[in-house]
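A.B. asks: Can you read through this structure? Questions will come right after.
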Amino acid sequence: MSKLFRAEVVSNLTLNDKNNLLTLKPLEKVLKPEPGQFYMIEVSHTYDPLLKRPFSYLRRRVAELQFLYAVRGRGTSLMKKFKEGMVINMIGPLGRGYPRPRKDCMPLLVAGGTGIAPIFSLAEELPRKAYILHGAKCRDELILMDELMGLGMESFLCTDDGSFGVKGTVADALYDFLMHKASPSNHYVIFACGPRQMLEAVARVASEKGIRGYASLEENMACGFGACLGCAVKTIHGYKRVCKEGPVFPIEDIVW
Amino acid sequence: MSKLFRAEVVSNLTLNDKNNLLTLKPLEKVLKPEPGQFYMIEVSHTYDPLLKRPFSYLRRRVAELQFLYAVRGRGTSLMKKFKEGMVINMIGPLGRGYPRPRKDCMPLLVAGGTGIAPIFSLAEELPRKAYILHGAKCRDELILMDELMGLGMESFLCTDDGSFGVKGTVADALYDFLMHKASPSNHYVIFACGPRQMLEAVARVASEKGIRGYASLEENMACGFGACLGCAVKTIHGYKRVCKEGPVFPIEDIVW
Amino acid sequence: MINLTVNIGNLKLKNPVMTASGTFGYGEEYAEFIDLNRLGAIVVKGISIEPMEGNPPPRTWETPCGMLNAIGLQNIGLKRFLKEKLPFLRKFDTKVIVNILGNTFEEYAKLACSLDEEGVDAIELNVSCPNVKRGGIIFGTDKKMLAKLVAGVKKCIKSATLITKLSPNASDIKEFAIVAESSGSDAISLINTIRGMSIDIETRKPRLVNVIGGLSGPAIRPIAVRMVWEAYEAVNIPIIGIGGIIKSEDAIEFMLAGASAVQVGTGNFLNPRATIEIVDGIEAYLKRKSVSNVGEIVGAFIGS
Amino acid sequence: MINLTVNIGNLKLKNPVMTASGTFGYGEEYAEFIDLNRLGAIVVKGISIEPMEGNPPPRTWETPCGMLNAIGLQNIGLKRFLKEKLPFLRKFDTKVIVNILGNTFEEYAKLACSLDEEGVDAIELNVSCPNVKRGGIIFGTDKKMLAKLVAGVKKCIKSATLITKLSPNASDIKEFAIVAESSGSDAISLINTIRGMSIDIETRKPRLVNVIGGLSGPAIRPIAVRMVWEAYEAVNIPIIGIGGIIKSEDAIEFMLAGASAVQVGTGNFLNPRATIEIVDGIEAYLKRKSVSNVGEIVGAFIGS
Ligand SMILES: Cc1cc2nc3c(=O)[nH]c(=O)nc-3n(C[C@H](O)[C@H](O)[C@H](O)COP(=O)(O)OP(=O)(O)OC[C@H]3O[C@@H](n4cnc5c(N)ncnc54)[C@H](O)[C@@H]3O)c2cc1C
Ligand SMILES: Cc1cc2nc3c(=O)[nH]c(=O)nc-3n(C[C@H](O)[C@H](O)[C@H](O)COP(=O)(O)OP(=O)(O)OC[C@H]3O[C@@H](n4cnc5c(N)ncnc54)[C@H](O)[C@@H]3O)c2cc1C
Ligand SMILES: Cc1cc2nc3c(=O)[nH]c(=O)nc-3n(C[C@H](O)[C@H](O)[C@H](O)COP(=O)(O)O)c2cc1C
Ligand SMILES: Cc1cc2nc3c(=O)[nH]c(=O)nc-3n(C[C@H](O)[C@H](O)[C@H](O)COP(=O)(O)O)c2cc1C
Ligand code: FES
Ligand code: FES
């Protein structure tokens, strides 16, 4: 069972202006991923683009892996062209995902935009109720709401343009939640993923409220499995590899 | 009306182990090609492979262009993956094709392997009967026979392995034709395309028999329209550009 | 209204986009694809005093995101250029820059002065062609000879702008840029192709008869951008950036690194309309960034 | 039965395929993808006497058919390497080559002699890393300093093979190869990355905080093959070819150009099994060409 395997494109759907859903069927026996772990996905069989691209998995089914991706540049533009039946190389599961929430704590899932991907994979594995705060640019980009409800999550939604839920950032929503809706009896722990500045704001709120948490970070990656030292992020313990010691780090360890 | 245009893939069929038939529909108004002219076809939207590939056209229909291609390396391997509906950039028609046979002469069309492509385009434009000598590796690779018959061509076929027609090269067949089947009253002119060593052999036969003729040559091309000077071939008049003064040259001018 | 004009010495271009020598012939081949009047300048194929027939084929080979060429400076020579090609180029409202190559100081000087007399707008000294055994290349990698050459050529030019095209095969581009500037060059252009080779493992033969050729295309862009930036930090004369420019983003990257203008080479082969699309792309970028003068982005990258 | 063994100085490799320094960590990361015992040798990430924390992110950027890196020689330092990493590497039936980097002659000497005492199979002098302001790079572009460095390090080595890794940023690779040979290096390896840079035109900021990084990958292969051939014509010591090797065809191209062995760098990132597939590919090629000894193809290309 190798982390390097071939997978067949089952489907590649456009969800909205930003998000796409890629479903892959591994053609070999693969390892079971943990929520927050990621895969390096080959976007071209030629040398341009040269490197694989890192993506957290959204869902895993018996024989399938699902990814939620946004088109950012050349690689993701090519992914958008993936056709059913196409076979690509990939590597994973990679990195360290989110730790399992301890029994005595109440998970606060915080997602910004496409950052919902690893958060959703975590939500699917949670044995019990949790809160999820999800922010996006507009209503259209707030996805998987029904699925999350189905998982027994209590959602607090917000959009930058106010087209749905509260108007404002998810960090504001988090602050608001902790100020007015949080019950003192609960021991909250944050599990976050999203753009760096959002995570930084979340970290600020967390430290202000004295709450611990975990965030999934992004960095440019050449290898994805710890060999190139290219994906370093500064932590209070020095530089760490996002692909190996991360992508999930204790939110209070990150040096913003 | 520009020589640089976009075209849509109508179909991309495998004819046999060697040959494939690509049908393209120009999405803009294009120029009418002459037999023996060629097009530069983009094989990838990325920079790898970087350069377009040159291909003589096989057939032109009101709104379509057909190409016969063999998979040789990276670019043609990508062409084999062209899917219906895909849109590619191309340049053409380029270069100088075969001159129109004069009324008083009898055309001898000589094709080796995939070299049948420009020969066929010429045959389609011939107003009257002509002879065609076609050689290939094996029976399976002798294509378009019925179509050529339909055009009123009298065919002499040969294969390297003798699996069809005469066993031997098309140059041998040409020699044999001129020795035994040629009628002295006819003024023969050769129109040839195929691998370089075959053309060289044909040129030898031609000079031996004092017959004039024309051959379509191949060289690596960077631009295809005369700008890079990369496609030079030696002629008795010095280096000439295959893409501009050629690809068709008087067979007796070529320095082998 | 955005101002795209740039000055290279006393040469005023309508926009910063030129063609790179040897990739644009003498202009004719592109007239059917683009309006040559829209180009900032046309740099023609390198000219020598006597015609050169060039290297035997194969002369080009594709490499990952690049290509090798060993054309061997095939050209029709000074006399025929002036008689047959220059009149055609003169018909267009664009600047004509002639790339010249010699084997001796005298040859360079003779070429420069006759072209200057004929009134060409600028002369680009090709001291960096990797495809000829003697000649060119040595000037490009020997500082003393380069200084002597540039100063000598400068002396015999009256009105034409003098551009020295630097070799990327020199270890320290800064030093050569400084030599060109201090010897009187009005501008420098870089980079020329980088020496490379490839072997056919089936035949064991080199892909180019010449064995070594010049590498060009997107593959070399990061190296070229770095050299332009190093040169920009070292000299005050205008820099013309060259190397793997295919799209306007690439041209803008060079300008941010310090190039006052750019030349498009291999990009013309991929898309014969590349130059014009780059002019339009630069204008669109400046609009989007509400920059009114293209000169403002030259060297405007935020280094650290 | 095909013989894939090659000798680099007194070092006997089971096959000519090594890993390139800095792309293979200390081996651990690849143990889950390949059988490390099948490698000719493992070259570890560059080691300095004291640990180095490296450059701030972003440290890598993708370019056409290549990538830029500015890791900044992050490494755990000599002591921890000997204690934590070397024992792991010793468990495998493959040679261990340690790439070393210092800021002074003394540092290089100290590193070399302690590693030699620890019995590492070979030491690769990294005199060509483009990512540190002082140190490394100057040795690689100054002949006198290189000669002094190689001779000095050679003196304090008893059993380890000494490999000097040359900088492609030097103008004439031949001269540096000759200096390495005459100063006592048992072999040379080339090329290291080529200095390059890229700018984000939206933010105007460099893609790497360090601004300049090292270019690697298929993009540089034609340049690397050319340099290997030039070095092969200039020296008699074994050459280790490096630069854009992704598949066995690439490795064979380097060997035909004169490399006795090869190192795979960026290729490991694209495919962590690349090294093993290259070993198999070389063997298949030799079978197909009925060559019984891999040494027979070294420098066997038919030049002109
Ligand atoms: C651990 C991890 C998990 C991720 N999960 C997801 C996900 O589930 N869904 C999703 O849409 N995106 C995810 N990303 C971001 C995604 O990897 C980038 O959007 C993608 O690599 C952009 O590639 P591109 O070629 O389109 O962009 P380009 O800008 O053209 O890429 C150029 C280079 O920069 C790198 N790069 C650019 N942006 C990023 C980035 N934000 N992070 C890492 N590398 C980058 C690319 O990999 C490539 O090497 C994740 C990133 C990491 C590190
Ligand atoms: C005027 C002309 C007309 C042609 N017409 C046809 C045709 O109708 N059908 C057909 O199957 N082939 C034709 N060819 C040959 C065809 O262009 C090559 O087979 C093709 O370019 C190979 O590309 P590749 O990437 O698969 O091979 P690679 O070997 O991977 O290509 C590497 C480089 O070499 C060039 N190259 C390799 N072989 C040739 C060659 N024989 N001629 C020119 N360039 C080459 C490629 O264009 C590319 O730049 C023609 C060539 C020319 C010059
Ligand atoms: C086919 C070809 C021919 C060239 N001929 C010349 C020349 O005659 N004189 C010259 O100075 N540079 C010549 N060059 C170099 C280009 O002008 C340019 O410096 C180089 O190709 C890098 O730019 P690019 O990557 O955009 O092609 C030539 C390049 C190519 C590809
Ligand atoms: C991420 C990265 C880190 C590197 N670190 C080192 C190093 O520490 N020491 C060294 O001598 N070379 C280092 N190199 C250079 C490689 O060993 C190799 O010489 C270069 O990458 C060219 O080979 P390639 O194209 O196969 O990658 C590094 C290269 C990369 C890509
Ligand atoms: S991406 Fe290579 S170490 Fe993390
Ligand atoms: S291919 Fe460029 S001139 Fe013929």
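Simple scheme: letters A, B, ... for chains in structure tokens order, numbers from 1 for residues in each chain, numbers from 1 for ligands in the order shown.
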Which residues sit within 7 Å of ligand 2, counting only C-alpha atoms and all ligand atoms, listed as a PDB file with N, CA and C atoms, in the first residue's frame?

C.D. replies:
```
ATOM      1  N   PHE B  38       1.474  22.928 -45.945  1.00  0.00           N
ATOM      2  CA  PHE B  38       1.326  22.335 -44.613  1.00  0.00           C
ATOM      3  C   PHE B  38       0.828  23.365 -43.606  1.00  0.00           C
ATOM      4  N   LEU B  51       6.721  24.065 -29.029  1.00  0.00           N
ATOM      5  CA  LEU B  51       6.532  24.446 -30.436  1.00  0.00           C
ATOM      6  C   LEU B  51       5.372  23.723 -31.101  1.00  0.00           C
ATOM      7  N   LYS B  52       4.784  24.383 -32.115  1.00  0.00           N
ATOM      8  CA  LYS B  52       3.764  23.725 -32.919  1.00  0.00           C
ATOM      9  C   LYS B  52       4.451  22.677 -33.790  1.00  0.00           C
ATOM     10  N   ARG B  53       3.661  21.780 -34.346  1.00  0.00           N
ATOM     11  CA  ARG B  53       4.197  20.722 -35.187  1.00  0.00           C
ATOM     12  C   ARG B  53       3.698  20.872 -36.618  1.00  0.00           C
ATOM     13  N   PRO B  54       4.575  20.666 -37.612  1.00  0.00           N
ATOM     14  CA  PRO B  54       4.167  20.800 -39.016  1.00  0.00           C
ATOM     15  C   PRO B  54       3.523  19.532 -39.589  1.00  0.00           C
ATOM     16  N   PHE B  55       2.418  19.726 -40.280  1.00  0.00           N
ATOM     17  CA  PHE B  55       1.734  18.605 -40.942  1.00  0.00           C
ATOM     18  C   PHE B  55       1.146  19.047 -42.279  1.00  0.00           C
ATOM     19  N   SER B  56       1.453  18.267 -43.330  1.00  0.00           N
ATOM     20  CA  SER B  56       0.827  18.505 -44.632  1.00  0.00           C
ATOM     21  C   SER B  56      -0.642  18.155 -44.485  1.00  0.00           C
ATOM     22  N   TYR B  57      -1.479  18.825 -45.255  1.00  0.00           N
ATOM     23  CA  TYR B  57      -2.887  18.434 -45.156  1.00  0.00           C
ATOM     24  C   TYR B  57      -3.151  17.275 -46.102  1.00  0.00           C
ATOM     25  N   LEU B  58      -4.099  16.461 -45.730  1.00  0.00           N
ATOM     26  CA  LEU B  58      -4.447  15.276 -46.522  1.00  0.00           C
ATOM     27  C   LEU B  58      -5.592  15.609 -47.476  1.00  0.00           C
ATOM     28  N   PHE B  67      -5.962  15.729 -41.611  1.00  0.00           N
ATOM     29  CA  PHE B  67      -4.533  15.430 -41.521  1.00  0.00           C
ATOM     30  C   PHE B  67      -4.330  13.953 -41.215  1.00  0.00           C
ATOM     31  N   LEU B  68      -3.308  13.400 -41.821  1.00  0.00           N
ATOM     32  CA  LEU B  68      -2.927  12.018 -41.562  1.00  0.00           C
ATOM     33  C   LEU B  68      -1.626  12.087 -40.780  1.00  0.00           C
ATOM     34  N   TYR B  69      -1.623  11.539 -39.570  1.00  0.00           N
ATOM     35  CA  TYR B  69      -0.374  11.649 -38.799  1.00  0.00           C
ATOM     36  C   TYR B  69       0.025  10.346 -38.130  1.00  0.00           C
ATOM     37  N   ALA B  70       1.329  10.191 -37.981  1.00  0.00           N
ATOM     38  CA  ALA B  70       1.896   9.032 -37.285  1.00  0.00           C
ATOM     39  C   ALA B  70       2.440   9.525 -35.951  1.00  0.00           C
ATOM     40  N   VAL B  71       2.310   8.715 -34.926  1.00  0.00           N
ATOM     41  CA  VAL B  71       2.853   9.078 -33.618  1.00  0.00           C
ATOM     42  C   VAL B  71       4.348   8.809 -33.622  1.00  0.00           C
ATOM     43  N   ARG B  72       5.127   9.890 -33.451  1.00  0.00           N
ATOM     44  CA  ARG B  72       6.585   9.730 -33.465  1.00  0.00           C
ATOM     45  C   ARG B  72       7.180   9.997 -32.089  1.00  0.00           C
ATOM     46  N   GLY B  73       6.763  11.084 -31.462  1.00  0.00           N
ATOM     47  CA  GLY B  73       7.344  11.462 -30.171  1.00  0.00           C
ATOM     48  C   GLY B  73       6.304  12.101 -29.275  1.00  0.00           C
ATOM     49  N   ARG B  74       6.749  13.087 -28.482  1.00  0.00           N
ATOM     50  CA  ARG B  74       5.888  13.661 -27.461  1.00  0.00           C
ATOM     51  C   ARG B  74       4.710  14.440 -28.050  1.00  0.00           C
ATOM     52  N   GLY B  75       4.989  15.241 -29.063  1.00  0.00           N
ATOM     53  CA  GLY B  75       3.922  16.068 -29.608  1.00  0.00           C
ATOM     54  C   GLY B  75       2.815  15.260 -30.250  1.00  0.00           C
ATOM     55  N   THR B  76       3.203  14.305 -31.089  1.00  0.00           N
ATOM     56  CA  THR B  76       2.180  13.506 -31.758  1.00  0.00           C
ATOM     57  C   THR B  76       1.463  12.576 -30.759  1.00  0.00           C
ATOM     58  N   SER B  77       2.151  12.213 -29.675  1.00  0.00           N
ATOM     59  CA  SER B  77       1.459  11.417 -28.638  1.00  0.00           C
ATOM     60  C   SER B  77       0.337  12.256 -28.035  1.00  0.00           C
ATOM     61  N   THR B 114       3.547   7.470 -44.371  1.00  0.00           N
ATOM     62  CA  THR B 114       2.634   8.585 -44.123  1.00  0.00           C
ATOM     63  C   THR B 114       2.805   9.682 -45.168  1.00  0.00           C
ATOM     64  N   GLY B 115       3.856   9.549 -45.988  1.00  0.00           N
ATOM     65  CA  GLY B 115       4.084  10.515 -47.056  1.00  0.00           C
ATOM     66  C   GLY B 115       2.934  10.546 -48.045  1.00  0.00           C
ATOM     67  N   ALA B 117       0.105  11.515 -47.434  1.00  0.00           N
ATOM     68  CA  ALA B 117      -0.775  12.661 -47.142  1.00  0.00           C
ATOM     69  C   ALA B 117      -0.739  13.745 -48.229  1.00  0.00           C
ATOM     70  N   PRO B 118       0.415  14.390 -48.454  1.00  0.00           N
ATOM     71  CA  PRO B 118       0.410  15.446 -49.477  1.00  0.00           C
ATOM     72  C   PRO B 118       0.192  14.898 -50.878  1.00  0.00           C
ATOM     73  N   LEU B 217      10.057  17.719 -48.493  1.00  0.00           N
ATOM     74  CA  LEU B 217      11.041  17.390 -47.457  1.00  0.00           C
ATOM     75  C   LEU B 217      10.558  17.744 -46.050  1.00  0.00           C
ATOM     76  N   GLU B 218      11.226  17.165 -45.055  1.00  0.00           N
ATOM     77  CA  GLU B 218      10.932  17.461 -43.654  1.00  0.00           C
ATOM     78  C   GLU B 218      12.187  17.966 -42.949  1.00  0.00           C
ATOM     79  N   GLU B 219      12.014  18.924 -42.068  1.00  0.00           N
ATOM     80  CA  GLU B 219      13.098  19.379 -41.195  1.00  0.00           C
ATOM     81  C   GLU B 219      12.451  19.866 -39.900  1.00  0.00           C
ATOM     82  N   ASN B 220      13.216  19.843 -38.828  1.00  0.00           N
ATOM     83  CA  ASN B 220      12.695  20.402 -37.579  1.00  0.00           C
ATOM     84  C   ASN B 220      12.328  21.865 -37.800  1.00  0.00           C
ATOM     85  N   MET B 221      11.198  22.263 -37.294  1.00  0.00           N
ATOM     86  CA  MET B 221      10.744  23.643 -37.494  1.00  0.00           C
ATOM     87  C   MET B 221      10.419  24.302 -36.172  1.00  0.00           C
ATOM     88  N   ALA B 222      10.879  25.538 -36.011  1.00  0.00           N
ATOM     89  CA  ALA B 222      10.522  26.305 -34.819  1.00  0.00           C
ATOM     90  C   ALA B 222       9.333  27.208 -35.135  1.00  0.00           C
ATOM     91  N   VAL B 242      12.805  24.932 -45.668  1.00  0.00           N
ATOM     92  CA  VAL B 242      11.770  23.950 -45.998  1.00  0.00           C
ATOM     93  C   VAL B 242      10.380  24.586 -45.862  1.00  0.00           C
ATOM     94  N   CYS B 243      10.235  25.473 -44.875  1.00  0.00           N
ATOM     95  CA  CYS B 243       8.905  26.024 -44.600  1.00  0.00           C
ATOM     96  C   CYS B 243       8.505  27.147 -45.554  1.00  0.00           C
ATOM     97  N   PRO B 247       7.852  23.175 -48.587  1.00  0.00           N
ATOM     98  CA  PRO B 247       8.566  21.899 -48.434  1.00  0.00           C
ATOM     99  C   PRO B 247       8.833  21.162 -49.744  1.00  0.00           C
TER     100      PRO B 247
ATOM    101  N   TRP C  61      16.260  22.366 -31.966  1.00  0.00           N
ATOM    102  CA  TRP C  61      15.756  21.224 -31.224  1.00  0.00           C
ATOM    103  C   TRP C  61      14.942  21.741 -30.038  1.00  0.00           C
ATOM    104  N   GLU C  62      13.791  21.142 -29.807  1.00  0.00           N
ATOM    105  CA  GLU C  62      12.942  21.556 -28.700  1.00  0.00           C
ATOM    106  C   GLU C  62      13.439  20.938 -27.400  1.00  0.00           C
TER     107      GLU C  62
END
```

A.B. asks: Please identify all polymer residues within 9 Å of Lys12 (chain C), counting only C-alpha atoms, omitting same-chain residues fewer than 4 positions from it, and present them as a VMD selection string.

C.D. replies: chain C and resid 5 to 8 40 95

A.B. asks: With 9 Å as the cut-off and only C-alpha atoms counted, what is the closest atom pair between each nearby residue of chain D and chain C? Distances in Å to one decimal, ordered by chain and number, as CSV.

C.D. replies:
```
residue,atom,partner,partner_atom,distance
D:Thr63,CA,C:Pro222,CA,7.3
D:Pro64,CA,C:Ala219,CA,5.4
D:Cys65,CA,C:Cys65,CA,5.8
D:Gly66,CA,C:Ala219,CA,7.2
D:Leu68,CA,C:Pro222,CA,8.2
D:Thr141,CA,C:Ser171,CA,7.8
D:Pro168,CA,C:Ser171,CA,8.8
D:Asn169,CA,C:Ser171,CA,5.7
D:Ala170,CA,C:Ser171,CA,4.7
D:Ser171,CA,C:Ser171,CA,4.1
D:Asp172,CA,C:Ser171,CA,7.8
D:Ile194,CA,C:Ile223,CA,7.3
D:Arg195,CA,C:Ile223,CA,6.2
D:Gly196,CA,C:Ile223,CA,4.2
D:Met197,CA,C:Pro222,CA,4.9
D:Ser198,CA,C:Pro222,CA,5.8
D:Ile199,CA,C:Glu253,CA,5.9
D:Asp200,CA,C:Glu253,CA,7.4
D:Ile201,CA,C:Glu253,CA,6.0
D:Glu202,CA,C:Lys289,CA,8.8
D:Thr203,CA,C:Ile302,CA,8.4
D:Arg204,CA,C:Phe301,CA,4.7
D:Lys205,CA,C:Ile302,CA,5.0
D:Pro206,CA,C:Gly303,CA,6.5
D:Val209,CA,C:Ser304,CA,6.9
D:Asn210,CA,C:Ser304,CA,7.2
D:Val211,CA,C:Gly303,CA,6.8
D:Ile212,CA,C:Arg226,CA,7.0
D:Leu215,CA,C:Pro222,CA,7.5
D:Pro218,CA,C:Pro64,CA,5.9
D:Ala219,CA,C:Ala219,CA,4.9
D:Ile220,CA,C:Ala219,CA,7.3
D:Arg221,CA,C:Gly196,CA,8.2
D:Pro222,CA,C:Gly196,CA,4.7
D:Ile223,CA,C:Gly196,CA,4.3
D:Ala224,CA,C:Gly196,CA,7.4
D:Val225,CA,C:Met197,CA,6.2
D:Arg226,CA,C:Met197,CA,5.1
D:Met227,CA,C:Gly196,CA,7.9
D:Trp229,CA,C:Met197,CA,9.0
D:Glu249,CA,C:Ile201,CA,7.1
D:Asp250,CA,C:Ile201,CA,8.8
D:Ile252,CA,C:Ile201,CA,6.9
D:Glu253,CA,C:Ile199,CA,5.9
D:Phe254,CA,C:Ile199,CA,8.5
D:Leu256,CA,C:Arg204,CA,7.2
D:Ala257,CA,C:Ile199,CA,7.7
D:Lys289,CA,C:Glu202,CA,8.9
D:Ala300,CA,C:Arg204,CA,7.2
D:Phe301,CA,C:Arg204,CA,4.7
D:Ile302,CA,C:Lys205,CA,5.0
D:Gly303,CA,C:Pro206,CA,6.5
D:Ser304,CA,C:Val209,CA,6.9
```

A.B. asks: Determine which residues of chain B sit within 10 Å of chain A, taking into account only C-alpha atoms, and present them as a list in words.

C.D. replies: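 Close enough to count are Ser44, His45, Thr46, Tyr47, Asp48, Pro49, Leu50, Arg74 and Leu78 of chain B.
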
A.B. asks: Run DSSP on the backbone of this structure and report the residues of region 149-283 of chain D it assigns to helix (DSSP H, G or I), as a ChimeraX atom specification.

C.D. replies: /D:149-155,173-182,218-234,248-257,267-270,274-283

A.B. asks: With only C-alpha atoms as the counted atoms, please give the residues lying no more than 10 Å from Gly267 (chain C), apart from itself and same-chain residues fewer than 2 positions off, as a ChimeraX atom specification.

C.D. replies: /B:50-51,223 /C:19-20,23,216-218,243-247,263-265,269-275

A.B. asks: For CA of Gly295 (chain C) and atom 29 (C, counted along the ligand's line) of ligand 3, quote the distance in Å rounded to one decimal.

C.D. replies: 26.9 Å

A.B. asks: Which of region 71-132 of chain D end up as strand (DSSP E) when DSSP is run on this backbone - answer as a compact mmCIF listing (two decimals) with all heavy atoms, in the first residue's frame?

C.D. replies:
```txt
# COMPACT_ATOMS: atom_id res chain seq x y z
N LYS D 95 25.78 3.76 -0.49
CA LYS D 95 26.83 4.67 -0.05
C LYS D 95 26.22 5.97 0.48
O LYS D 95 25.18 6.42 0.00
CB LYS D 95 27.78 4.99 -1.20
CG LYS D 95 28.41 3.76 -1.85
CD LYS D 95 29.28 3.00 -0.87
CE LYS D 95 29.90 1.78 -1.54
NZ LYS D 95 30.66 0.95 -0.58
N VAL D 96 26.86 6.54 1.47
CA VAL D 96 26.40 7.80 2.06
C VAL D 96 27.38 8.91 1.71
O VAL D 96 28.57 8.83 2.04
CB VAL D 96 26.26 7.68 3.58
CG1 VAL D 96 25.86 9.03 4.18
CG2 VAL D 96 25.23 6.61 3.95
N ILE D 97 26.86 9.91 0.99
CA ILE D 97 27.69 11.05 0.61
C ILE D 97 27.15 12.29 1.32
O ILE D 97 25.94 12.55 1.26
CB ILE D 97 27.68 11.25 -0.92
CG1 ILE D 97 28.20 9.98 -1.61
CG2 ILE D 97 28.49 12.48 -1.31
CD1 ILE D 97 28.17 10.04 -3.13
N VAL D 98 28.02 13.00 2.02
CA VAL D 98 27.56 14.16 2.76
C VAL D 98 28.00 15.45 2.07
O VAL D 98 29.18 15.67 1.82
CB VAL D 98 28.08 14.13 4.21
CG1 VAL D 98 27.58 15.35 4.98
CG2 VAL D 98 27.63 12.85 4.91
N ASN D 99 27.00 16.25 1.74
CA ASN D 99 27.24 17.54 1.11
C ASN D 99 27.54 18.53 2.23
O ASN D 99 26.78 18.63 3.20
CB ASN D 99 25.96 17.91 0.34
CG ASN D 99 26.03 19.24 -0.36
OD1 ASN D 99 25.78 20.27 0.23
ND2 ASN D 99 26.38 19.23 -1.64
N ILE D 100 28.67 19.24 2.13
CA ILE D 100 29.02 20.16 3.22
C ILE D 100 29.15 21.60 2.74
O ILE D 100 29.49 21.86 1.59
CB ILE D 100 30.34 19.74 3.91
CG1 ILE D 100 31.52 19.83 2.94
CG2 ILE D 100 30.23 18.35 4.50
CD1 ILE D 100 32.87 19.64 3.60
N ALA D 122 31.73 9.43 1.14
CA ALA D 122 32.27 10.54 0.34
C ALA D 122 31.77 11.87 0.87
O ALA D 122 30.74 11.94 1.54
CB ALA D 122 31.87 10.37 -1.12
N ILE D 123 32.53 12.89 0.55
CA ILE D 123 32.17 14.25 0.95
C ILE D 123 32.02 15.08 -0.32
O ILE D 123 32.89 15.04 -1.21
CB ILE D 123 33.25 14.83 1.86
CG1 ILE D 123 33.21 14.13 3.22
CG2 ILE D 123 33.07 16.34 2.01
CD1 ILE D 123 34.44 14.29 4.04
N GLU D 124 30.89 15.76 -0.44
CA GLU D 124 30.66 16.61 -1.60
C GLU D 124 30.75 18.06 -1.14
O GLU D 124 29.98 18.50 -0.30
CB GLU D 124 29.28 16.33 -2.21
CG GLU D 124 28.99 17.15 -3.47
CD GLU D 124 27.65 16.81 -4.10
OE1 GLU D 124 26.59 16.95 -3.41
OE2 GLU D 124 27.62 16.41 -5.28
N LEU D 125 31.72 18.77 -1.70
CA LEU D 125 31.91 20.17 -1.33
C LEU D 125 30.89 21.03 -2.06
O LEU D 125 30.93 21.12 -3.29
CB LEU D 125 33.31 20.65 -1.74
CG LEU D 125 34.53 20.18 -0.96
CD1 LEU D 125 35.78 20.81 -1.58
CD2 LEU D 125 34.40 20.60 0.50
N ASN D 126 29.99 21.65 -1.31
CA ASN D 126 29.06 22.56 -1.95
C ASN D 126 29.68 23.94 -1.95
O ASN D 126 29.61 24.67 -0.97
CB ASN D 126 27.73 22.57 -1.20
CG ASN D 126 26.77 23.61 -1.77
OD1 ASN D 126 27.05 24.22 -2.79
ND2 ASN D 126 25.65 23.79 -1.11
```

A.B. asks: Between A:Gly210, A:Gly92, A:Pro101, A:Gly246, which is the closest to chain D once you count only C-alpha atoms?

C.D. replies: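 Between A:Gly210, A:Gly92, A:Pro101, A:Gly246, the residue approaching chain D most closely is A:Gly92.
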
A.B. asks: Pick the closest to ligand 3 from C:Val279, C:Ile71, C:Cys156, C:Leu149: which is it, counting only C-alpha atoms and all ligand atoms?

C.D. replies: C:Ile71

A.B. asks: Excluding Phe139 (chain C) and any residue of its chain fewer than 4 positions from it, enumerate the residues within 9 Å of it, using only C-alpha atoms, and give them as an NGL selection string.

C.D. replies: :C and (127-128 or 135 or 143-147 or 149)

A.B. asks: Write out as a PyMOL selection string which residues come within 9 Å of region 150-157 of chain B when counting only C-alpha atoms, dropping same-chain ones fewer than 4 positions away.

C.D. replies: chain B and resi 123-124+126+128-136+142+145-146+164-167+170+173-174+177

A.B. asks: Work out how far CA of Val43 (chain A) is from CA of Asn89 (chain A), in Å to one decimal.

C.D. replies: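 That distance, rounded to one decimal, is 8.7 Å.
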
A.B. asks: Determine, counting only C-alpha atoms, which protein, DNA and RNA residues have an atom within 9 Å of an atom of Leu94 (chain A); residues of the same chain fewer than 3 positions away are not included. Present the result as a list in words.

C.D. replies: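 Listed by chain and then number, they are Lys3, Pro33, Gln37, Phe38, Tyr39, Met40, Ile91, Gly97, Gly224, Phe225, Cys243, Lys244 and Pro247 of chain A.
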